[in-house]
>>> print(open('data39.pdb').read())   # PDB, C-alpha atoms, pLDDT in the B column
ATOM      1  CA  MET A 624     127.583  56.018-116.803  1.00 93.00           C
ATOM      2  CA  LYS A 625     129.425  55.079-119.951  1.00 96.00           C
ATOM      3  CA  TYR A 626     132.293  52.618-119.870  1.00 97.00           C
ATOM      4  CA  MET A 627     134.555  51.491-122.680  1.00 97.00           C
ATOM      5  CA  LEU A 628     135.610  47.867-122.747  1.00 96.00           C
ATOM      6  CA  ILE A 629     138.890  47.839-124.671  1.00 94.00           C
ATOM      7  CA  MET A 630     139.568  44.424-126.130  1.00 92.00           C
ATOM      8  CA  ARG A 631     143.301  43.654-126.128  1.00 89.00           C
ATOM      9  CA  ALA A 632     145.325  40.628-127.121  1.00 87.00           C
ATOM     10  CA  THR A 633     148.890  39.589-127.656  1.00 85.00           C
ATOM     11  CA  ASP A 634     150.111  38.795-131.165  1.00 79.00           C
ATOM     12  CA  GLU A 635     149.975  35.093-130.270  1.00 85.00           C
ATOM     13  CA  ALA A 636     146.385  35.327-129.027  1.00 87.00           C
ATOM     14  CA  PHE A 637     145.301  37.136-132.217  1.00 81.00           C
ATOM     15  CA  ALA A 638     146.995  34.428-134.296  1.00 82.00           C
ATOM     16  CA  LYS A 639     145.195  31.719-132.323  1.00 86.00           C
ATOM     17  CA  MET A 640     141.873  33.502-132.901  1.00 84.00           C
ATOM     18  CA  GLY A 641     142.549  33.211-136.645  1.00 83.00           C
ATOM     19  CA  GLU A 642     142.332  29.431-136.287  1.00 88.00           C
ATOM     20  CA  VAL A 643     138.680  29.621-135.162  1.00 88.00           C
ATOM     21  CA  ASP A 644     135.993  29.172-137.837  1.00 91.00           C
ATOM     22  CA  PHE A 645     134.878  32.688-138.827  1.00 89.00           C
ATOM     23  CA  ASN A 646     131.131  31.887-138.780  1.00 91.00           C
ATOM     24  CA  GLU A 647     131.502  30.234-135.373  1.00 92.00           C
ATOM     25  CA  MET A 648     133.293  33.325-134.070  1.00 89.00           C
ATOM     26  CA  LEU A 649     130.574  35.612-135.463  1.00 91.00           C
ATOM     27  CA  ALA A 650     127.874  33.516-133.790  1.00 93.00           C
ATOM     28  CA  THR A 651     129.683  33.538-130.451  1.00 92.00           C
ATOM     29  CA  ILE A 652     130.293  37.290-130.488  1.00 93.00           C
ATOM     30  CA  GLY A 653     126.794  37.885-131.871  1.00 94.00           C
ATOM     31  CA  LYS A 654     125.185  36.075-128.929  1.00 96.00           C
ATOM     32  CA  TYR A 655     127.223  38.185-126.484  1.00 96.00           C
ATOM     33  CA  ASN A 656     126.262  41.396-128.323  1.00 96.00           C
ATOM     34  CA  GLU A 657     122.611  40.331-128.420  1.00 96.00           C
ATOM     35  CA  GLU A 658     122.644  39.771-124.652  1.00 97.00           C
ATOM     36  CA  MET A 659     123.930  43.320-124.097  1.00 97.00           C
ATOM     37  CA  ILE A 660     121.383  44.729-126.562  1.00 97.00           C
ATOM     38  CA  ARG A 661     118.541  42.944-124.746  1.00 97.00           C
ATOM     39  CA  ALA A 662     119.831  44.326-121.432  1.00 97.00           C
ATOM     40  CA  GLY A 663     119.836  47.816-122.954  1.00 97.00           C
ATOM     41  CA  VAL A 664     123.493  48.529-122.133  1.00 97.00           C
ATOM     42  CA  LEU A 665     125.221  48.383-125.545  1.00 97.00           C
ATOM     43  CA  LEU A 666     125.856  51.785-127.157  1.00 95.00           C
ATOM     44  CA  ALA A 667     128.590  50.870-129.645  1.00 95.00           C
ATOM     45  CA  ALA A 668     130.822  47.972-130.604  1.00 95.00           C
ATOM     46  CA  GLU A 669     133.537  47.942-133.243  1.00 93.00           C
ATOM     47  CA  GLY A 670     136.491  45.828-134.231  1.00 89.00           C
ATOM     48  CA  LEU A 671     139.670  47.256-135.681  1.00 87.00           C
ATOM     49  CA  ALA A 672     141.542  46.348-138.856  1.00 86.00           C
ATOM     50  CA  ASP A 673     144.919  44.647-138.661  1.00 80.00           C
ATOM     51  CA  ALA A 674     147.671  46.775-137.092  1.00 80.00           C
ATOM     52  CA  ALA A 675     149.668  46.375-140.306  1.00 81.00           C
ATOM     53  CA  GLU A 676     147.143  48.748-141.935  1.00 86.00           C
ATOM     54  CA  GLY A 677     147.500  51.391-139.206  1.00 86.00           C
ATOM     55  CA  VAL A 678     149.942  54.160-138.467  1.00 86.00           C
ATOM     56  CA  VAL A 679     151.269  55.801-135.316  1.00 83.00           C
ATOM     57  CA  VAL A 680     151.794  59.549-135.073  1.00 88.00           C
ATOM     58  CA  ASP A 681     154.549  60.191-132.506  1.00 87.00           C
ATOM     59  CA  TYR A 682     154.637  63.738-131.133  1.00 93.00           C
ATOM     60  CA  SER A 683     158.047  63.354-129.448  1.00 93.00           C
ATOM     61  CA  SER A 684     159.651  65.536-132.117  1.00 92.00           C
ATOM     62  CA  GLU A 685     158.747  68.420-134.374  1.00 95.00           C
ATOM     63  CA  PRO A 686     157.368  67.680-136.878  1.00 96.00           C
ATOM     64  CA  PRO A 687     155.619  64.564-135.552  1.00 94.00           C
ATOM     65  CA  VAL A 688     156.934  61.264-136.920  1.00 91.00           C
ATOM     66  CA  VAL A 689     154.489  58.954-138.686  1.00 90.00           C
ATOM     67  CA  THR A 690     155.299  55.234-138.584  1.00 86.00           C
ATOM     68  CA  ASP A 691     153.423  52.631-140.618  1.00 86.00           C
ATOM     69  CA  GLY A 692     152.288  49.433-138.900  1.00 75.00           C
ATOM     70  CA  PRO A 693     152.978  46.794-137.915  1.00 69.00           C
ATOM     71  CA  TYR A 694     154.725  48.208-134.904  1.00 66.00           C
ATOM     72  CA  GLY A 695     157.997  47.039-133.400  1.00 57.00           C
ATOM     73  CA  GLU A 696     157.070  46.446-129.770  1.00 59.00           C
ATOM     74  CA  THR A 697     153.483  45.163-129.889  1.00 60.00           C
ATOM     75  CA  LYS A 698     153.010  43.367-126.602  1.00 65.00           C
ATOM     76  CA  GLU A 699     149.236  43.767-126.681  1.00 66.00           C
ATOM     77  CA  LEU A 700     147.183  45.159-129.516  1.00 75.00           C
ATOM     78  CA  PHE A 701     143.927  47.064-129.119  1.00 85.00           C
ATOM     79  CA  GLY A 702     141.628  44.978-131.324  1.00 86.00           C
ATOM     80  CA  GLY A 703     138.203  46.470-130.733  1.00 92.00           C
ATOM     81  CA  PHE A 704     135.904  48.047-128.203  1.00 96.00           C
ATOM     82  CA  TYR A 705     132.456  48.177-126.693  1.00 96.00           C
ATOM     83  CA  ILE A 706     130.839  51.244-125.177  1.00 97.00           C
ATOM     84  CA  LEU A 707     128.286  50.382-122.535  1.00 98.00           C
ATOM     85  CA  ASN A 708     125.831  52.525-120.613  1.00 97.00           C
ATOM     86  CA  VAL A 709     125.705  50.920-117.176  1.00 98.00           C
ATOM     87  CA  ALA A 710     125.020  51.986-113.588  1.00 97.00           C
ATOM     88  CA  SER A 711     128.518  51.374-112.237  1.00 97.00           C
ATOM     89  CA  LYS A 712     132.059  50.206-112.861  1.00 96.00           C
ATOM     90  CA  GLU A 713     131.105  46.947-111.164  1.00 97.00           C
ATOM     91  CA  GLU A 714     128.384  46.350-113.768  1.00 97.00           C
ATOM     92  CA  ALA A 715     130.883  47.064-116.571  1.00 97.00           C
ATOM     93  CA  ILE A 716     133.232  44.514-114.980  1.00 97.00           C
ATOM     94  CA  GLU A 717     130.448  41.922-114.884  1.00 97.00           C
ATOM     95  CA  TRP A 718     129.779  42.419-118.617  1.00 97.00           C
ATOM     96  CA  ALA A 719     133.491  42.138-119.375  1.00 96.00           C
ATOM     97  CA  LYS A 720     133.686  38.885-117.420  1.00 96.00           C
ATOM     98  CA  ARG A 721     130.980  37.450-119.720  1.00 95.00           C
ATOM     99  CA  SER A 722     133.047  38.077-122.861  1.00 94.00           C
ATOM    100  CA  PRO A 723     133.336  34.995-125.025  1.00 92.00           C
ATOM    101  CA  VAL A 724     136.815  36.050-126.190  1.00 88.00           C
ATOM    102  CA  THR A 725     138.914  34.571-123.423  1.00 87.00           C
ATOM    103  CA  GLY A 726     142.098  32.636-122.843  1.00 87.00           C
ATOM    104  CA  ALA A 727     145.788  33.251-122.479  1.00 88.00           C
ATOM    105  CA  GLY A 728     146.816  36.552-124.043  1.00 88.00           C
ATOM    106  CA  PHE A 729     143.339  38.151-124.052  1.00 90.00           C
ATOM    107  CA  LYS A 730     142.467  41.057-121.750  1.00 92.00           C
ATOM    108  CA  THR A 731     139.741  43.660-121.447  1.00 94.00           C
ATOM    109  CA  GLU A 732     140.652  47.085-120.148  1.00 94.00           C
ATOM    110  CA  ILE A 733     137.712  49.003-118.658  1.00 96.00           C
ATOM    111  CA  ARG A 734     137.717  52.797-118.693  1.00 96.00           C
ATOM    112  CA  ARG A 735     134.966  55.224-117.771  1.00 96.00           C
ATOM    113  CA  VAL A 736     134.028  57.557-120.638  1.00 95.00           C
ATOM    114  CA  THR A 737     133.866  61.127-119.426  1.00 93.00           C
ATOM    115  CA  THR A 738     130.880  63.207-120.466  1.00 90.00           C
ATOM    116  CA  ILE A 739     130.650  66.767-121.669  1.00 91.00           C
ATOM    117  CA  ASP A 740     128.784  67.593-118.434  1.00 92.00           C
ATOM    118  CA  GLU A 741     132.024  67.078-116.483  1.00 93.00           C
ATOM    119  CA  PHE A 742     133.689  70.081-118.141  1.00 93.00           C
ATOM    120  CA  PRO A 743     133.141  73.791-117.318  1.00 93.00           C
ATOM    121  CA  GLN A 744     129.843  74.664-118.987  1.00 94.00           C
ATOM    122  CA  ASP A 745     130.725  78.337-119.302  1.00 95.00           C
ATOM    123  CA  ASN A 746     133.705  77.522-121.560  1.00 95.00           C
ATOM    124  CA  GLU A 747     133.276  78.727-125.158  1.00 96.00           C
ATOM    125  CA  TRP A 748     134.626  75.470-126.651  1.00 96.00           C
ATOM    126  CA  ILE A 749     132.441  73.268-124.470  1.00 94.00           C
ATOM    127  CA  GLN A 750     129.414  75.333-125.501  1.00 95.00           C
ATOM    128  CA  LYS A 751     130.317  74.887-129.197  1.00 95.00           C
ATOM    129  CA  GLU A 752     130.766  71.147-128.747  1.00 94.00           C
ATOM    130  CA  ARG A 753     127.471  70.874-126.851  1.00 94.00           C
ATOM    131  CA  ALA A 754     125.673  72.710-129.685  1.00 95.00           C
ATOM    132  CA  TRP A 755     127.272  70.373-132.247  1.00 95.00           C
ATOM    133  CA  ARG A 756     126.291  67.286-130.225  1.00 92.00           C
ATOM    134  CA  GLU A 757     122.707  68.535-129.812  1.00 94.00           C
ATOM    135  CA  ALA A 758     122.440  69.262-133.559  1.00 95.00           C
ATOM    136  CA  ASN A 759     123.635  65.727-134.321  1.00 93.00           C
ATOM    137  CA  GLY A 760     121.363  63.975-131.825  1.00 90.00           C
ATOM    138  CA  GLN A 761     124.190  63.021-129.486  1.00 85.00           C
ATOM    139  CA  LEU A 762     122.686  64.768-126.430  1.00 82.00           C
TER     140      LEU A 762
END
>>> encode(input="data39.pdb", output="structure tokens")
Amino acid sequence: MKYMLIMRATDEAFAKMGEVDFNEMLATIGKYNEEMIRAGVLLAAEGLADAAEGVVVDYSSEPPVVTDGPYGETKELFGGFYILNVASKEEAIEWAKRSPVTGAGFKTEIRRVTTIDEFPQDNEWIQKERAWREANGQL
């Protein structure tokens, strides 16, 4: 099963992370990533650029409203993610508990990633997506 570990932090926690030596941070995260690679569970891992560079598309009105970052009410920002292939939610939780990015204001949300196999296979759009994924080596 695939699980996404969504790395979240408050503005204050992100600011505190900026005080850590960049090379030290890379080494710490690199060791964690290497452990998951050796265990054969890491499928993807990415960080995200500063929220000030992002936008939000709000569909509450027609046409949708686009707002540039940074955003007004940022209690916790989504700063990056891991996608793991593990046997269970419990195993995903154990990997999240090993994260080196810890402390007040840091959280990891864990969500199962649904697969194409969970959708009706006789649906035209699912069949097209499956063909695309097969052609691109994703299945």
>>> closest_residue(input="data39.pdb", among="A:Ala668, A:Ile739, A:Ala662, A:Ile629", to="Trp755 of chain A", atoms="all atoms listed in the file")
A:Ile739
>>> resolve_selection(input="data39.pdb", expression="the PyMOL selection byres ((chain A and resi 652) around 12)", output="VMD selection string")
chain A and resid 645 to 651 653 to 659 668 to 670 705 721 to 725
>>> closest_residue(input="data39.pdb", among="A:Leu665, A:Ala675, A:Ala758, A:Met627", to="Ile716 of chain A", atoms="all atoms listed in the file")
A:Met627
>>> atom_distance(input="data39.pdb", atom1="atom CA of Asp691 of chain A", atom2="atom CA of Asp634 of chain A")
17.1 Å
>>> residues_around(input="data39.pdb", residues="Ile706 of chain A", least_positions_apart="4", cutoff="12 Å", atoms="only C-alpha atoms", output="PyMOL selection string")
chain A and resi 624-630+656+659-660+663-670+715+718-719+732-737
>>> closest_residue(input="data39.pdb", among="A:Gly692, A:Gly760, A:Gly726, A:Pro686", to="Ala632 of chain A", atoms="only C-alpha atoms")
A:Gly726
>>> atom_distance(input="data39.pdb", atom1="atom CA of Val689 of chain A", atom2="atom CA of Leu671 of chain A")
19.1 Å
